[in-house]
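Engineer: Here you go, input10.txt (compact mmCIF, C-alpha atoms):
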```txt
# COMPACT_ATOMS: atom_id res chain seq x y z
CA MET A 419 -0.63 12.99 -2.85
CA LEU A 420 2.33 10.78 -2.13
CA GLU A 421 6.06 11.26 -2.51
CA ILE A 422 8.47 8.35 -2.17
CA PRO A 423 12.00 9.67 -2.62
CA ASP A 424 14.67 7.28 -3.86
CA SER A 425 17.29 8.94 -1.69
CA SER A 426 15.78 8.32 1.77
CA PRO A 427 13.58 5.66 3.40
CA VAL A 428 10.54 7.89 3.97
CA ILE A 429 7.16 8.67 2.49
CA ARG A 430 5.58 12.11 2.48
CA MET A 431 1.86 12.45 2.03
CA ILE A 432 -0.98 14.92 1.96
CA ASN A 433 -4.19 12.97 2.39
CA CYS A 434 -6.87 14.51 0.18
CA GLY A 435 -9.99 12.93 1.59
CA HIS A 436 -9.27 9.20 1.40
CA PRO A 437 -8.97 6.86 4.37
CA PRO A 438 -5.44 6.81 5.82
CA PRO A 439 -3.20 4.18 4.23
CA LEU A 440 -1.99 1.07 6.00
CA LEU A 441 1.70 0.38 6.44
CA ILE A 442 2.74 -3.26 6.59
CA ARG A 443 6.09 -3.79 8.30
CA SER A 444 7.55 -6.98 9.71
CA GLY A 445 4.19 -8.76 9.76
CA HIS A 446 2.28 -5.91 11.45
CA THR A 447 -0.03 -3.20 10.15
CA THR A 448 -0.20 0.41 11.29
CA HIS A 449 -1.50 3.75 10.07
CA PRO A 450 1.69 5.69 9.36
CA MET A 451 -0.02 9.05 9.04
CA SER A 452 -2.56 11.16 10.77
CA PRO A 453 -6.15 10.22 9.94
CA ASP A 454 -6.92 13.95 9.57
CA PRO A 455 -7.33 14.39 5.80
CA ALA A 456 -7.22 17.59 3.77
CA PRO A 457 -10.28 18.35 1.65
CA PRO A 458 -10.47 16.53 -1.70
CA LEU A 459 -8.57 18.06 -4.60
CA GLY A 460 -10.52 20.93 -6.11
CA MET A 461 -12.02 21.82 -2.73
CA TRP A 462 -8.86 22.94 -0.92
CA GLU A 463 -10.20 26.47 -0.51
CA LEU A 464 -12.75 25.04 1.94
CA GLY A 465 -10.02 23.81 4.26
CA SER A 466 -7.37 25.57 6.29
CA ASP A 467 -4.68 27.64 4.61
CA GLY A 468 -2.02 24.97 5.11
CA HIS A 469 -2.26 21.31 4.30
CA ALA A 470 -0.14 19.18 6.57
CA THR A 471 2.43 16.98 4.94
CA HIS A 472 2.86 13.82 6.97
CA THR A 473 6.24 12.10 6.90
CA SER A 474 6.77 8.52 7.97
CA SER A 475 9.53 5.97 7.60
CA PHE A 476 9.24 3.62 4.62
CA ARG A 477 12.01 1.06 4.79
CA PRO A 478 12.99 -1.74 2.41
CA GLY A 479 10.44 -4.55 2.75
CA ASP A 480 7.66 -2.21 3.90
CA THR A 481 4.39 -2.20 1.95
CA LEU A 482 2.02 0.75 1.82
CA LEU A 483 -1.62 -0.04 1.08
CA LEU A 484 -3.72 2.82 -0.25
CA TYR A 485 -7.45 2.35 -0.71
CA THR A 486 -10.64 4.28 -1.28
CA ASP A 487 -13.63 4.50 1.01
CA GLY A 488 -15.50 2.11 -1.28
CA VAL A 489 -13.34 -0.68 0.13
CA VAL A 490 -13.98 -0.09 3.84
CA GLU A 491 -17.62 0.92 3.31
CA ALA A 492 -18.55 -2.26 1.42
CA ARG A 493 -21.18 -4.17 3.38
CA ASP A 494 -22.21 -7.78 3.57
CA SER A 495 -25.81 -9.05 3.70
CA SER A 496 -26.04 -8.22 7.42
CA ARG A 497 -24.86 -4.63 6.66
CA THR A 498 -21.44 -5.19 8.32
CA PHE A 499 -18.61 -3.08 6.88
CA TYR A 500 -15.64 -4.82 5.29
CA PRO A 501 -12.98 -5.36 8.00
CA LEU A 502 -9.95 -4.33 5.91
CA GLU A 503 -7.41 -4.06 8.73
CA GLN A 504 -8.36 -7.47 10.15
CA ARG A 505 -8.10 -9.10 6.75
CA VAL A 506 -4.80 -7.42 5.83
CA ALA A 507 -3.38 -8.70 9.12
CA LEU A 508 -3.86 -12.23 7.71
CA TRP A 509 -1.84 -11.45 4.57
CA THR A 510 1.07 -9.32 5.80
CA ARG A 511 3.66 -11.61 4.17
CA SER A 512 2.05 -11.34 0.72
CA SER A 513 3.64 -9.59 -2.24
CA PRO A 514 1.90 -6.35 -3.24
CA ARG A 515 0.22 -8.07 -6.20
CA ALA A 516 -0.96 -11.03 -4.11
CA LEU A 517 -2.17 -8.69 -1.35
CA VAL A 518 -4.34 -6.69 -3.76
CA GLN A 519 -5.68 -9.90 -5.35
CA ARG A 520 -6.55 -11.41 -1.96
CA ILE A 521 -8.31 -8.26 -0.80
CA GLU A 522 -10.20 -7.99 -4.10
CA GLN A 523 -11.42 -11.59 -3.91
CA ASP A 524 -12.31 -11.30 -0.23
CA LEU A 525 -14.03 -7.93 -0.69
CA CYS A 526 -16.16 -9.28 -3.55
CA ALA A 527 -17.11 -12.31 -1.47
CA HIS A 528 -17.92 -10.10 1.53
CA ALA A 529 -20.20 -7.84 -0.53
CA ASP A 530 -21.62 -10.71 -2.57
CA ARG A 531 -20.12 -9.02 -5.66
CA ALA A 532 -22.43 -6.01 -5.15
CA LEU A 533 -20.27 -3.02 -4.25
CA ALA A 534 -22.33 0.13 -3.70
CA ASP A 535 -19.37 2.42 -4.44
CA ASP A 536 -16.24 2.33 -6.55
CA ALA A 537 -13.29 0.68 -4.87
CA ALA A 538 -9.59 1.09 -5.59
CA LEU A 539 -6.51 -0.52 -4.03
CA LEU A 540 -2.84 0.20 -4.54
CA ALA A 541 -0.02 -1.65 -2.76
CA ILE A 542 3.49 -0.21 -2.99
CA GLN A 543 6.52 -2.01 -1.60
CA ARG A 544 9.92 -0.42 -1.05
CA ILE A 545 12.62 -2.70 -2.36
CA PRO A 546 16.23 -2.59 -1.23
CA PRO A 547 18.41 -0.23 -3.26
CA PRO A 548 20.39 -1.87 -6.04
CA ARG A 549 23.77 -3.16 -5.08
CA THR A 550 26.78 -1.44 -6.51
CA GLY A 551 30.02 -3.09 -7.44
CA LEU A 552 30.76 -6.70 -8.25
CA HIS A 553 30.10 -9.34 -5.62
CA LEU A 554 31.14 -12.97 -5.51
CA SER A 555 27.47 -14.00 -5.60
CA ASP A 556 27.10 -12.24 -8.96
CA LEU A 557 29.80 -14.46 -10.41
CA VAL A 558 28.42 -17.67 -8.89
CA HIS A 559 24.85 -17.10 -10.13
CA ALA A 560 25.95 -16.00 -13.60
CA GLU A 561 28.45 -18.79 -14.22
CA GLY A 562 28.08 -20.28 -17.69
CA ALA A 563 25.24 -18.00 -18.73
CA TYR A 564 24.77 -14.46 -19.98
CA TYR A 565 21.71 -12.58 -18.82
CA SER A 566 20.45 -9.27 -20.12
CA GLY A 567 17.65 -7.87 -17.96
CA ASP A 568 14.98 -10.37 -16.95
CA THR A 569 15.24 -12.63 -19.97
CA PRO A 570 17.99 -15.23 -20.52
```
Translate this structure into structure tokens?

Structural biologist:
Amino acid sequence: MLEIPDSSPVIRMINCGHPPPLLIRSGHTTHPMSPDPAPPLGMWELGSDGHATHTSSFRPGDTLLLYTDGVVEARDSSRTFYPLEQRVALWTRSSPRALVQRIEQDLCAHADRALADDAALLAIQRIPPPRTGLHLSDLVHAEGAYYSGDTP
């Protein structure tokens, strides 16, 4: 379970049995949270009474990559697991969409398109908060044209 509040540059998470996410910041990857997961949803009574909420910074430009065990447990023909962290390190400057596409293509090639388990990826990037007020750059870019939303 993940909470990304609009009002502060943090993420709060209770990991319910999946591998810990990767945080991509300034071209580097880290695990922002403890690798100690809670039991999967529906099995919480088997765990401790409290489930730790992990809080980590999540600043503008940061990307959080969530994935299931089917990604890191995918094997190639020599039975080698998919090296997700090593591969993500090659693509740290990618947009979230491009990152997921690159991992998907690479994962399928690694496993020769024969995944033994389901695999899911989700990349979330924190964008800078919207600017408030009128800036000179708004006038320069909008000169001679009227834009409403994303379409001219």

Engineer: Expressed in Å to a single decimal, how great is the separation between atom CA of A:Pro450 and atom CA of A:Leu525?

Structural biologist: 23.1 Å

Engineer: Which residues are close to A:Ile521, i.e. within 10 Å by only C-alpha atoms, leaving aside same-chain residues fewer than 5 positions away? Reply as number ranges by chain.

Structural biologist: A: 489, 502, 505-506, 509, 516, 526-527, 539

Engineer: Which value, in Å to one decimal, gives the distance between atom CA of A:Gly479 and atom CA of A:Pro501?

Structural biologist: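 Computing the Euclidean distance for atom CA of A:Gly479 and atom CA of A:Pro501 yields 24.0 Å.
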
Engineer: Give me, please, the distance in Å between atom CA of A:Arg497 and atom CA of A:His446, quoted to one decimal.

Structural biologist: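 Atom CA of A:His446 lies at a distance of 27.6 Å from atom CA of A:Arg497.
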
Engineer: Ranking A:Leu420, A:Pro514, A:Pro427, A:Asn433 by minimum distance to A:Thr481 and counting only C-alpha atoms, which one comes first?

Structural biologist: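 Among the listed residues, A:Pro514 lies closest to A:Thr481.
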
Engineer: For A:Thr498, work out the shell of residues within 10 Å, counting only C-alpha atoms and skipping chain neighbours fewer than 4 positions away, then give it as a list in words.

Structural biologist: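 After dropping sequence-adjacent residues, the list is Glu491, Ala492, Arg493, Asp494, His528 and Ala529 of chain A.
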
Engineer: Need to verify the contact set: stretch 485-487 of chain A, 9 Å, only C-alpha atoms, exclusion of same-chain residues closer than 5 positions in sequence. Can you return it as a short mmCIF file (atom, residue, chain, number, x, y, z; two decimals) with C-alpha atoms, in the coordinates of the input?

Structural biologist:
```
data_model
loop_
_atom_site.label_atom_id
_atom_site.label_comp_id
_atom_site.auth_asym_id
_atom_site.auth_seq_id
_atom_site.Cartn_x
_atom_site.Cartn_y
_atom_site.Cartn_z
CA HIS A 436 -9.27 9.20 1.40
CA PRO A 437 -8.97 6.86 4.37
CA PRO A 438 -5.44 6.81 5.82
CA PRO A 439 -3.20 4.18 4.23
CA LEU A 440 -1.99 1.07 6.00
CA ALA A 492 -18.55 -2.26 1.42
CA ASP A 535 -19.37 2.42 -4.44
CA ASP A 536 -16.24 2.33 -6.55
CA ALA A 537 -13.29 0.68 -4.87
CA ALA A 538 -9.59 1.09 -5.59
CA LEU A 539 -6.51 -0.52 -4.03
CA LEU A 540 -2.84 0.20 -4.54
CA ALA A 541 -0.02 -1.65 -2.76
#
```

Engineer: Extending 3 Å beyond the listed atoms of stretch 422-427 of chain A on each side, what axis-aligned box results? I want centre and edge lengths in Å to one decimal, as AutoDock Vina command-line options.

Structural biologist:
```
--center_x 12.9 --center_y 7.7 --center_z -0.2 --size_x 14.8 --size_y 10.0 --size_z 13.3
```

Engineer: Enumerate, as a PyMOL selection string, the protein, DNA and RNA residues whose atoms approach (13.8, -0.3, -0.3) to within 10 Å, taking into account only C-alpha atoms and the coordinate frame of the file.

Structural biologist: chain A and resi 424-428+476-481+543-548

Engineer: With all atoms listed in the file as the atoms that count, which of A:Leu517, A:Leu483, A:Met431, A:Leu533 lies nearest to A:Thr447?

Structural biologist: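 Under the stated criterion, the closest residue is A:Leu483.
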